[in-house]
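Okay, entry18.csv now, which holds CSV, C-alpha atoms and all ligand atoms:
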chain,number,residue,atom,x,y,z
A,1,MET,CA,0.0,0.0,0.0
A,2,ARG,CA,1.2,3.5,-0.7
A,3,PHE,CA,1.1,6.3,1.9
A,4,GLU,CA,-1.6,8.1,-0.2
A,5,GLU,CA,-3.9,5.1,0.0
A,6,LEU,CA,-4.0,4.9,3.8
A,7,GLU,CA,-7.3,5.1,5.6
A,8,THR,CA,-7.5,7.7,8.4
A,9,PRO,CA,-6.9,8.2,11.2
A,10,CYS,CA,-3.6,6.4,11.4
A,11,TYR,CA,-0.1,6.7,12.8
A,12,VAL,CA,2.7,5.9,10.3
A,13,ILE,CA,6.2,4.9,11.4
A,14,ASP,CA,8.9,5.9,9.0
A,15,GLU,CA,11.7,3.3,8.9
A,16,LYS,CA,14.1,5.5,7.0
A,17,LYS,CA,13.9,8.3,9.6
A,18,LEU,CA,14.1,5.8,12.5
A,19,LYS,CA,17.3,4.3,11.0
A,20,HIS,CA,18.7,7.8,10.5
A,21,ASN,CA,18.3,8.4,14.3
A,22,LEU,CA,19.6,5.0,15.3
A,23,THR,CA,22.7,5.4,13.1
A,24,ILE,CA,23.6,8.6,15.0
A,25,LEU,CA,23.0,6.9,18.4
A,26,SER,CA,24.9,3.8,17.4
A,27,ARG,CA,27.9,5.9,16.3
A,28,LEU,CA,27.8,7.7,19.7
A,29,GLU,CA,28.0,4.3,21.4
A,30,LYS,CA,31.0,3.3,19.3
A,31,ASP,CA,32.8,6.6,19.6
A,32,THR,CA,32.5,6.8,23.4
A,33,GLY,CA,31.8,3.3,24.7
A,34,CYS,CA,28.6,4.6,26.4
A,35,HIS,CA,25.4,2.6,26.3
A,36,ILE,CA,22.1,3.9,24.9
A,37,LEU,CA,18.7,2.6,26.1
A,38,LEU,CA,15.3,3.2,24.5
A,39,ALA,CA,13.0,4.8,27.1
A,40,GLN,CA,9.9,2.8,26.1
A,41,LYS,CA,7.5,5.3,27.6
A,42,ALA,CA,8.0,7.6,24.6
A,43,PHE,CA,7.9,4.9,21.9
A,44,SER,CA,6.8,1.3,22.6
A,45,TYR,CA,6.3,0.2,19.0
A,46,TYR,CA,7.8,-3.2,19.8
A,47,PRO,CA,7.7,-4.7,16.3
A,48,ALA,CA,10.7,-2.4,15.7
A,49,TYR,CA,12.6,-3.5,18.8
A,50,PRO,CA,14.7,-6.1,16.9
A,51,LEU,CA,15.7,-3.4,14.5
A,52,ILE,CA,16.4,-1.0,17.3
A,53,GLY,CA,18.5,-3.7,19.0
A,54,GLN,CA,20.9,-3.8,16.0
A,55,TYR,CA,21.9,-0.2,16.9
A,56,ILE,CA,21.7,0.4,20.6
A,57,SER,CA,22.3,-1.4,23.9
A,58,GLY,CA,18.8,-2.0,25.2
A,59,THR,CA,15.6,-0.8,26.8
A,60,THR,CA,14.5,1.0,29.9
A,61,ALA,CA,11.1,0.9,31.6
A,62,SER,CA,8.9,3.0,33.9
A,63,GLY,CA,7.5,-0.1,35.7
A,64,LEU,CA,6.7,-3.8,35.4
A,65,PHE,CA,4.7,-3.7,32.2
A,66,GLU,CA,7.2,-1.9,30.2
A,67,ALA,CA,10.0,-4.0,31.7
A,68,LYS,CA,8.2,-7.1,30.5
A,69,LEU,CA,7.8,-5.6,27.0
A,70,GLY,CA,11.5,-4.8,26.8
A,71,TYR,CA,12.4,-8.3,28.1
A,72,GLU,CA,10.1,-10.2,25.7
A,73,GLU,CA,10.5,-8.1,22.6
A,74,LEU,CA,14.2,-7.1,22.8
A,75,LYS,CA,16.2,-9.0,25.4
A,76,LEU,CA,14.8,-12.4,24.4
A,77,LYS,CA,15.0,-11.7,20.7
A,78,VAL,CA,18.4,-10.0,20.3
A,79,GLU,CA,21.6,-11.2,22.0
A,80,ASN,CA,23.5,-9.2,24.6
A,81,LYS,CA,20.8,-6.5,25.2
A,82,GLU,CA,20.1,-4.9,28.6
A,83,ASN,CA,16.8,-4.2,30.3
A,84,HIS,CA,16.7,-1.5,33.0
A,85,VAL,CA,13.8,-0.2,35.2
A,86,PHE,CA,13.1,2.9,37.2
A,87,CYS,CA,9.8,3.4,39.1
A,88,PRO,CA,9.0,5.8,41.9
A,89,GLY,CA,6.8,3.3,43.6
A,90,TYR,CA,7.7,-0.4,43.3
A,91,LYS,CA,5.4,-2.9,45.1
A,92,ALA,CA,6.9,-5.9,46.9
A,93,CYS,CA,4.7,-8.2,44.8
A,94,GLU,CA,6.5,-7.1,41.6
A,95,MET,CA,10.0,-7.4,42.8
A,96,ASP,CA,10.8,-11.0,42.1
A,97,GLU,CA,9.7,-10.7,38.5
A,98,LEU,CA,11.5,-7.4,38.0
A,99,ASP,CA,14.7,-8.9,39.4
A,100,GLU,CA,14.4,-11.8,37.0
A,101,ILE,CA,13.9,-9.8,33.8
A,102,CYS,CA,15.9,-6.6,34.5
A,103,ASP,CA,19.7,-6.1,34.6
A,104,HIS,CA,19.5,-2.7,36.4
A,105,LEU,CA,16.9,-1.7,39.0
A,106,ILE,CA,16.8,1.9,40.1
A,107,PHE,CA,15.2,3.1,43.3
A,108,ASN,CA,13.6,6.6,43.7
A,109,SER,CA,13.8,6.9,47.5
A,110,LEU,CA,15.8,5.6,50.5
A,111,THR,CA,12.6,4.0,51.9
A,112,GLN,CA,12.0,2.1,48.7
A,113,TYR,CA,15.7,1.0,48.7
A,114,GLU,CA,15.7,-0.2,52.3
A,115,LYS,CA,12.4,-2.0,51.9
A,116,LEU,CA,13.0,-3.7,48.6
A,117,HIS,CA,16.8,-4.0,47.8
A,118,GLY,CA,16.8,-7.5,49.3
A,119,TYR,CA,14.9,-8.7,46.3
A,120,CYS,CA,17.7,-7.7,43.9
A,121,LYS,CA,19.6,-10.9,43.6
A,122,LYS,CA,20.5,-10.8,40.0
A,123,SER,CA,20.0,-7.1,39.1
A,124,SER,CA,22.4,-4.3,39.7
A,125,VAL,CA,21.0,-1.7,42.2
A,126,GLY,CA,21.1,2.0,41.5
A,127,LEU,CA,19.6,5.1,43.2
A,128,ARG,CA,18.0,8.0,41.4
A,129,ILE,CA,19.4,11.3,42.7
A,130,ASN,CA,18.0,14.8,42.5
A,131,PRO,CA,20.8,17.2,41.8
A,132,GLU,CA,18.5,20.1,42.5
A,133,CYS,CA,19.7,21.9,39.3
A,134,SER,CA,16.9,23.2,37.1
A,135,THR,CA,18.0,23.9,33.6
A,136,GLN,CA,14.6,24.2,31.9
A,137,ASP,CA,12.2,27.1,32.1
A,138,GLY,CA,8.6,27.1,31.1
A,139,HIS,CA,7.6,23.4,31.5
A,140,ALA,CA,7.4,23.0,35.3
A,141,ILE,CA,5.6,19.7,34.8
A,142,TYR,CA,8.6,18.3,33.0
A,143,ASP,CA,11.1,19.5,35.6
A,144,PRO,CA,12.1,16.8,38.2
A,145,CYS,CA,14.2,19.4,39.9
A,146,ALA,CA,11.3,21.8,40.6
A,147,PRO,CA,10.5,22.6,44.3
A,148,PHE,CA,8.8,19.8,46.2
A,149,SER,CA,9.8,17.2,43.5
A,150,ARG,CA,9.2,13.6,44.4
A,151,LEU,CA,11.7,12.4,41.9
A,152,GLY,CA,15.1,11.4,43.2
A,153,ILE,CA,17.1,11.5,46.4
A,154,ARG,CA,18.7,14.8,47.4
A,155,VAL,CA,22.4,14.9,48.5
A,156,ASP,CA,21.4,15.9,52.1
A,157,GLU,CA,19.2,12.8,52.5
A,158,LEU,CA,22.1,10.6,51.2
A,159,LYS,CA,24.6,12.1,53.6
A,160,GLN,CA,22.3,11.9,56.6
A,161,LYS,CA,21.6,8.2,55.9
A,162,PHE,CA,24.9,6.8,54.8
A,163,GLY,CA,27.6,9.5,55.6
A,164,LYS,CA,30.2,9.3,52.9
A,165,LYS,CA,30.1,5.6,52.3
A,166,LEU,CA,27.4,3.9,50.3
A,167,PRO,CA,26.2,0.4,51.1
A,168,LYS,CA,28.1,-2.2,49.0
A,169,ASP,CA,25.1,-3.3,46.9
A,170,ILE,CA,24.5,0.2,45.5
A,171,GLU,CA,26.4,0.0,42.2
A,172,GLY,CA,24.9,2.9,40.2
A,173,MET,CA,23.4,6.4,40.2
A,174,HIS,CA,20.8,7.8,37.9
A,175,PHE,CA,19.6,11.3,37.3
A,176,HIS,CA,17.0,12.5,34.9
A,177,THR,CA,16.5,16.3,34.7
A,178,LEU,CA,16.3,17.3,31.1
A,179,CYS,CA,13.4,17.5,28.5
A,180,GLU,CA,14.1,18.2,24.8
A,181,GLN,CA,17.4,19.8,25.8
A,182,ASN,CA,20.9,20.2,24.3
A,183,SER,CA,24.2,19.1,25.7
A,184,ASP,CA,25.1,22.4,27.3
A,185,ASP,CA,22.4,21.8,29.9
A,186,LEU,CA,23.7,18.3,30.5
A,187,ASP,CA,27.1,19.8,31.0
A,188,LYS,CA,25.8,22.2,33.6
A,189,THR,CA,23.9,19.4,35.4
A,190,LEU,CA,27.0,17.2,35.4
A,191,SER,CA,29.1,19.9,37.1
A,192,VAL,CA,26.5,20.1,39.9
A,193,VAL,CA,26.3,16.3,40.1
A,194,GLU,CA,30.1,16.1,40.5
A,195,GLU,CA,30.3,18.9,43.0
A,196,LYS,CA,27.5,17.5,45.2
A,197,PHE,CA,27.9,13.7,44.8
A,198,GLN,CA,31.7,13.3,44.2
A,199,ASP,CA,32.3,11.1,47.2
A,200,TYR,CA,29.7,8.7,45.9
A,201,LEU,CA,30.7,8.8,42.3
A,202,LYS,CA,34.1,7.2,43.2
A,203,GLN,CA,32.2,4.2,44.8
A,204,ILE,CA,29.9,3.3,41.9
A,205,LYS,CA,30.2,1.3,38.7
A,206,TRP,CA,27.7,3.0,36.5
A,207,ILE,CA,26.0,6.3,36.0
A,208,ASN,CA,22.8,6.9,34.0
A,209,PHE,CA,22.3,10.4,32.6
A,210,GLY,CA,18.5,9.8,32.1
A,211,GLY,CA,16.6,11.0,29.0
A,212,GLY,CA,15.6,14.4,27.6
A,213,HIS,CA,18.8,14.6,25.4
A,214,HIS,CA,17.6,15.7,22.0
A,215,ILE,CA,20.6,14.0,20.4
A,216,THR,CA,19.1,13.4,16.9
A,217,ARG,CA,17.9,17.0,16.5
A,218,CYS,CA,19.9,18.8,13.8
A,219,ASP,CA,21.3,21.5,16.0
A,220,TYR,CA,22.3,19.1,18.8
A,221,ASP,CA,25.9,19.6,20.0
A,222,LEU,CA,27.2,16.0,19.8
A,223,GLU,CA,30.8,16.9,20.5
A,224,LEU,CA,30.0,18.4,23.9
A,225,LEU,CA,27.9,15.3,24.8
A,226,LYS,CA,30.9,13.1,23.9
A,227,LYS,CA,33.1,15.2,26.2
A,228,CYS,CA,30.6,14.8,29.0
A,229,ILE,CA,30.5,11.1,28.6
A,230,VAL,CA,34.3,10.6,28.4
A,231,ARG,CA,34.9,12.9,31.3
A,232,MET,CA,32.8,10.8,33.6
A,233,GLN,CA,34.2,7.6,32.4
A,234,GLU,CA,37.8,8.7,32.8
A,235,LYS,CA,37.4,10.6,36.1
A,236,TYR,CA,35.3,7.9,38.0
A,237,GLY,CA,35.9,4.7,36.0
A,238,VAL,CA,32.1,4.3,35.5
A,239,ASN,CA,30.0,2.9,32.7
A,240,VAL,CA,27.8,5.7,31.2
A,241,TYR,CA,24.2,5.0,30.2
A,242,LEU,CA,21.8,7.4,28.4
A,243,GLU,CA,18.1,6.6,28.1
A,244,PRO,CA,16.5,8.9,25.5
A,245,GLY,CA,13.0,8.3,24.4
A,246,GLU,CA,12.3,11.2,22.0
A,247,ALA,CA,15.7,11.1,20.4
A,248,ILE,CA,15.2,7.5,19.2
A,249,ALA,CA,12.1,8.2,17.1
A,250,LEU,CA,12.3,12.0,16.7
A,251,ASN,CA,10.6,13.0,13.4
A,252,ALA,CA,10.2,9.3,12.6
A,253,GLY,CA,6.4,9.2,12.4
A,254,TYR,CA,3.2,10.9,11.2
A,255,PHE,CA,-0.4,11.1,12.2
A,256,VAL,CA,-2.7,11.2,9.1
A,257,THR,CA,-6.2,12.6,9.4
A,258,GLN,CA,-8.9,13.6,7.1
A,259,VAL,CA,-11.2,16.7,7.0
A,260,VAL,CA,-14.8,15.6,7.8
A,261,ASP,CA,-16.4,19.1,7.8
A,262,VAL,CA,-15.6,22.8,7.5
A,263,VAL,CA,-17.6,25.1,9.7
A,264,HIS,CA,-17.4,28.9,10.0
A,265,ASN,CA,-17.5,31.1,13.1
A,266,GLU,CA,-15.6,34.3,12.3
A,267,MET,CA,-13.0,32.0,10.9
A,268,ASP,CA,-12.9,28.7,9.0
A,269,ILE,CA,-12.6,25.7,11.2
A,270,LEU,CA,-11.8,22.2,10.1
A,271,ILE,CA,-13.4,19.2,11.8
A,272,LEU,CA,-10.9,16.3,11.6
A,273,ASP,CA,-11.3,12.6,12.2
A,274,GLY,CA,-8.3,12.9,14.5
A,275,SER,CA,-8.3,14.6,17.9
A,276,ALA,CA,-5.6,16.3,20.0
A,277,ALA,CA,-7.2,15.1,23.2
A,278,CYS,CA,-7.4,11.4,22.1
A,279,HIS,CA,-4.6,10.9,19.6
A,280,MET,CA,-1.9,13.5,20.4
A,281,PRO,CA,-2.6,14.5,24.1
A,282,ASP,CA,0.8,16.3,24.4
A,283,VAL,CA,-0.6,19.0,22.1
A,284,LEU,CA,-2.9,20.0,25.0
A,285,GLU,CA,-0.8,18.8,27.9
A,286,MET,CA,2.6,20.2,27.1
A,287,PRO,CA,1.2,22.3,25.2
A,288,TYR,CA,2.7,22.6,21.7
A,289,ARG,CA,1.8,23.1,18.1
A,290,PRO,CA,2.5,20.0,16.1
A,291,PRO,CA,4.3,20.5,12.7
A,292,LEU,CA,1.9,19.9,9.8
A,293,LYS,CA,3.0,19.0,6.2
A,294,ASN,CA,2.6,21.8,3.6
A,295,SER,CA,1.3,24.4,6.0
A,296,GLY,CA,2.5,27.7,7.4
A,297,GLU,CA,2.2,29.9,10.5
A,298,VAL,CA,-0.8,32.3,10.8
A,299,GLY,CA,-0.4,35.0,8.1
A,300,GLU,CA,2.3,33.1,6.2
A,301,LYS,CA,0.0,31.6,3.5
A,302,LYS,CA,-3.2,32.7,1.9
A,303,TYR,CA,-5.8,30.4,3.5
A,304,LEU,CA,-6.2,30.3,7.3
A,305,TYR,CA,-7.9,27.5,9.2
A,306,ARG,CA,-8.3,26.4,12.8
A,307,LEU,CA,-7.8,22.7,13.1
A,308,ALA,CA,-10.2,21.0,15.5
A,309,SER,CA,-11.5,17.5,16.2
A,310,SER,CA,-14.8,15.6,16.3
A,311,THR,CA,-14.9,15.3,20.1
A,312,CYS,CA,-17.3,17.3,22.3
A,313,LEU,CA,-14.4,19.0,24.1
A,314,ALA,CA,-14.5,22.7,23.1
A,315,GLY,CA,-10.8,23.0,23.6
A,316,ASP,CA,-9.9,20.0,21.5
A,317,ILE,CA,-8.1,22.3,19.1
A,318,ILE,CA,-4.8,21.5,17.5
A,319,GLY,CA,-4.0,25.0,16.3
A,320,ASP,CA,-4.2,27.6,13.6
A,321,TYR,CA,-2.5,26.9,10.3
A,322,SER,CA,-2.3,28.5,6.9
A,323,PHE,CA,-2.2,26.9,3.5
A,324,ASP,CA,-1.5,27.8,-0.2
A,325,LYS,CA,-4.8,26.3,-1.3
A,326,GLU,CA,-8.3,26.0,0.0
A,327,ILE,CA,-8.9,23.0,2.2
A,328,LYS,CA,-11.9,20.8,1.3
A,329,ILE,CA,-13.9,18.0,2.9
A,330,GLY,CA,-12.1,14.8,2.3
A,331,ASP,CA,-8.6,16.3,2.1
A,332,LYS,CA,-5.9,14.5,4.2
A,333,LEU,CA,-3.7,16.4,6.6
A,334,VAL,CA,-0.4,14.9,7.8
A,335,PHE,CA,1.0,15.9,11.2
A,336,GLU,CA,4.7,15.3,11.6
A,337,ASP,CA,6.9,14.1,14.5
A,338,MET,CA,4.1,11.8,15.7
A,339,ALA,CA,5.9,8.6,16.5
A,340,ILE,CA,6.7,9.7,20.1
A,341,TYR,CA,4.4,10.2,23.0
A,342,SER,CA,1.4,9.6,20.7
A,343,MET,CA,0.5,5.9,20.4
A,344,VAL,CA,1.6,5.3,24.0
A,345,LYS,CA,-0.7,8.0,25.3
A,346,ASN,CA,-3.8,7.8,23.2
A,347,ASN,CA,-7.3,7.0,24.5
A,348,THR,CA,-10.9,6.4,23.3
A,349,PHE,CA,-12.6,9.4,25.0
A,350,ASN,CA,-15.9,10.1,23.3
A,351,GLY,CA,-15.7,6.7,21.8
A,352,MET,CA,-13.2,8.0,19.3
A,353,PRO,CA,-11.6,5.1,17.3
A,354,LEU,CA,-8.0,4.3,18.0
A,355,PRO,CA,-5.9,5.1,14.9
A,356,ASP,CA,-4.4,2.2,13.0
A,357,ILE,CA,-0.6,1.7,13.3
A,358,VAL,CA,1.2,1.6,10.0
A,359,TYR,CA,4.8,0.8,9.2
A,360,MET,CA,6.4,2.4,6.2
A,361,ASN,CA,9.5,0.7,5.0
A,362,GLU,CA,12.5,2.4,3.4
A,363,CYS,CA,11.0,2.0,-0.1
A,364,GLY,CA,7.9,3.9,1.0
A,365,GLU,CA,5.6,0.8,1.1
A,366,CYS,CA,3.1,0.9,4.0
A,367,HIS,CA,1.7,-2.1,5.8
A,368,ILE,CA,-0.9,-2.0,8.5
A,369,GLN,CA,0.7,-3.4,11.6
A,370,LYS,CA,-2.3,-3.1,13.8
A,371,ALA,CA,-5.9,-2.1,13.1
A,372,PHE,CA,-8.3,-1.2,15.9
A,373,CYS,CA,-12.1,-1.5,15.9
A,374,TYR,CA,-15.2,-1.0,18.1
A,375,SER,CA,-14.4,-4.0,20.3
A,376,ASP,CA,-11.1,-2.4,21.4
A,377,PHE,CA,-13.2,0.5,22.8
A,378,LYS,CA,-15.8,-1.8,24.3
A,379,HIS,CA,-13.7,-4.4,25.9
A,380,ARG,CA,-11.5,-2.0,27.9
A,381,LEU,CA,-14.7,-0.9,29.7
A,382,GLY,CA,-16.4,-4.0,30.8
A,401,LIG,C1,10.8,10.3,30.4
A,401,LIG,C2,12.0,9.7,30.8
A,401,LIG,C3,13.0,9.4,29.9
A,401,LIG,C4,12.9,9.7,28.4
A,401,LIG,O1,12.8,11.0,28.2
A,401,LIG,P1,12.8,11.7,26.7
A,401,LIG,O2,12.5,13.1,27.0
A,401,LIG,O3,11.7,11.0,26.0
A,401,LIG,O4,14.1,11.5,26.2
A,401,LIG,C5,14.1,8.7,30.4
A,401,LIG,N1,14.3,8.4,31.7
A,401,LIG,C6,13.3,8.7,32.6
A,401,LIG,C7,13.6,8.4,34.0
A,401,LIG,C8,12.2,9.4,32.2
A,401,LIG,O5,11.3,9.7,33.1
Please rewrite the model in this file as structure tokens.
Ligand SMILES: *Cc1c(COP(=O)(O)O)cnc(C)c1O
Amino acid sequence: MRFEELETPCYVIDEKKLKHNLTILSRLEKDTGCHILLAQKAFSYYPAYPLIGQYISGTTASGLFEAKLGYEELKLKVENKENHVFCPGYKACEMDELDEICDHLIFNSLTQYEKLHGYCKKSSVGLRINPECSTQDGHAIYDPCAPFSRLGIRVDELKQKFGKKLPKDIEGMHFHTLCEQNSDDLDKTLSVVEEKFQDYLKQIKWINFGGGHHITRCDYDLELLKKCIVRMQEKYGVNVYLEPGEAIALNAGYFVTQVVDVVHNEMDILILDGSAACHMPDVLEMPYRPPLKNSGEVGEKKYLYRLASSTCLAGDIIGDYSFDKEIKIGDKLVFEDMAIYSMVKNNTFNGMPLPDIVYMNECGECHIQKAFCYSDFKHRLG
């Protein structure tokens, strides 16, 4: 099937773009000796895990279900891959299974560590730290270093509990403080981590820089990232992990919708068969304006439209876009950069259908990997 023949709404994963990103990440591993893990919460399209496994070291998970997915679909299928997990609230009943399927298990608090570290017989134990160094402004909901953050252990807590010496079974440290950021912010964060945690850095085997590194974005400073990685390896003799989500599938997918109606209320408004609230929730949550193929900003092109959805939510609006030609009922609109934080977050509010998931190979041939129907909506509810 060709892209133009796809039925809407659907997500399309672009193999060519995915490989482009993976090639950059694989080269980074080779150049520095670091290990890159896919943060599955951004992109859990597991049919592509064997491909991803040809380029990077493994997966990381936000809890038991993602950990199982990474284990089944990557670790069991590709040799020598790693599966890591971090969760702010592990339950005792999950621990035996997590220890069985994960290589690294990271605790968010000292109470969680104390209560549950005894379960870690096979896995390497790490602690998430909070360096209390905010480098992002604007998105407080994405800042784990914001005041009252529940994410990570502060240096004062560590000192009070352990003094200068960590228990023997703590082999690693993890921090995650960035979101869509460049390596200058990592560099700043690392300086603070070194200053505050240096006694501990000398005692551990690995450090995980978390996610939020926009490594595959065209203006990303890879050379500075490499310097950061090598500096930590040489100074402390640690293995370095990075666990990007976005960077793995950045710009590697589309969301294809169709115009169902055009209404007018002081401006032209398109009713689409796709929804921000249901199919790209980050548009409203973050919020942001998704890139749309063949469109411009307000005032840039001749025809202006507000793009909105078929749900009852008045605010289910994607944004205002301009076009060179008039848009008609039946036209298809293609949103870009829709592989990440889309399929993993969608929902059936208003009984909206879940978009099909399509894989487009390097030759541009599309095949429907997963089609959804009415029963997917019904069976989740009773
Ligand atoms: C969200 C998250 C990631 C991935 O973040 P991206 O912004 O998608 O790169 C990695 N690690 C942790 C702990 C996270 O919470």
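Residues in contact with Asp199 (chain A) at 12 Å, where all atoms listed in the file are counted and same-chain residues fewer than 6 positions away are skipped, are listed as Val155, Leu158, Lys159, Phe162, Gly163, Lys164, Lys165, Leu166, Val193 and Tyr236 of chain A.
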**Request:** Would you mind listing what lies within 9 Å of Lys227 (chain A) as a ChimeraX atom specification, with only C-alpha atoms counted and same-chain residues fewer than 4 positions away left out?
**Result:** /A:32,187,222-223,231-232
Export, as a PDB file, in the coordinates of the input, the selected residues with C-alpha atoms.
ATOM      1  CA  THR A  32      32.500   6.800  23.400  1.00  0.00           C
ATOM      2  CA  ASP A 187      27.100  19.800  31.000  1.00  0.00           C
ATOM      3  CA  LEU A 222      27.200  16.000  19.800  1.00  0.00           C
ATOM      4  CA  GLU A 223      30.800  16.900  20.500  1.00  0.00           C
ATOM      5  CA  ARG A 231      34.900  12.900  31.300  1.00  0.00           C
ATOM      6  CA  MET A 232      32.800  10.800  33.600  1.00  0.00           C
TER       7      MET A 232
END
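Taking only C-alpha atoms and all ligand atoms into account, ligand LIG 401 (chain A) lies nearest to A:Ala42 out of the set A:Ala67, A:Ala42, A:Met280, A:Leu313.
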**Message:** Just want the residues within 10 Å of ligand LIG 401 (chain A), written as a ChimeraX atom specification, counting all atoms listed in the file.
**Reply:** /A:37-43,60-62,85-88,106,108,128,142,144,151-152,174-181,208-215,242-250,340-341
Mind dumping the selected residues with C-alpha atoms as a short mmCIF file (atom, residue, chain, number, x, y, z; two decimals), keeping the file's coordinate frame?
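Result went into selection.cif, see below:
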data_model
loop_
_atom_site.label_atom_id
_atom_site.label_comp_id
_atom_site.auth_asym_id
_atom_site.auth_seq_id
_atom_site.Cartn_x
_atom_site.Cartn_y
_atom_site.Cartn_z
CA LEU A 37 18.70 2.60 26.10
CA LEU A 38 15.30 3.20 24.50
CA ALA A 39 13.00 4.80 27.10
CA GLN A 40 9.90 2.80 26.10
CA LYS A 41 7.50 5.30 27.60
CA ALA A 42 8.00 7.60 24.60
CA PHE A 43 7.90 4.90 21.90
CA THR A 60 14.50 1.00 29.90
CA ALA A 61 11.10 0.90 31.60
CA SER A 62 8.90 3.00 33.90
CA VAL A 85 13.80 -0.20 35.20
CA PHE A 86 13.10 2.90 37.20
CA CYS A 87 9.80 3.40 39.10
CA PRO A 88 9.00 5.80 41.90
CA ILE A 106 16.80 1.90 40.10
CA ASN A 108 13.60 6.60 43.70
CA ARG A 128 18.00 8.00 41.40
CA TYR A 142 8.60 18.30 33.00
CA PRO A 144 12.10 16.80 38.20
CA LEU A 151 11.70 12.40 41.90
CA GLY A 152 15.10 11.40 43.20
CA HIS A 174 20.80 7.80 37.90
CA PHE A 175 19.60 11.30 37.30
CA HIS A 176 17.00 12.50 34.90
CA THR A 177 16.50 16.30 34.70
CA LEU A 178 16.30 17.30 31.10
CA CYS A 179 13.40 17.50 28.50
CA GLU A 180 14.10 18.20 24.80
CA GLN A 181 17.40 19.80 25.80
CA ASN A 208 22.80 6.90 34.00
CA PHE A 209 22.30 10.40 32.60
CA GLY A 210 18.50 9.80 32.10
CA GLY A 211 16.60 11.00 29.00
CA GLY A 212 15.60 14.40 27.60
CA HIS A 213 18.80 14.60 25.40
CA HIS A 214 17.60 15.70 22.00
CA ILE A 215 20.60 14.00 20.40
CA LEU A 242 21.80 7.40 28.40
CA GLU A 243 18.10 6.60 28.10
CA PRO A 244 16.50 8.90 25.50
CA GLY A 245 13.00 8.30 24.40
CA GLU A 246 12.30 11.20 22.00
CA ALA A 247 15.70 11.10 20.40
CA ILE A 248 15.20 7.50 19.20
CA ALA A 249 12.10 8.20 17.10
CA LEU A 250 12.30 12.00 16.70
CA ILE A 340 6.70 9.70 20.10
CA TYR A 341 4.40 10.20 23.00
#
**Asked** In terms of the shortest atom-to-atom distance over only C-alpha atoms, which of A:Tyr374, A:Tyr200, A:Tyr359, A:Phe255 is closest to Met173 (chain A)?
**Response**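 Of A:Tyr374, A:Tyr200, A:Tyr359, A:Phe255, the one nearest Met173 (chain A) is A:Tyr200, counting only C-alpha atoms.
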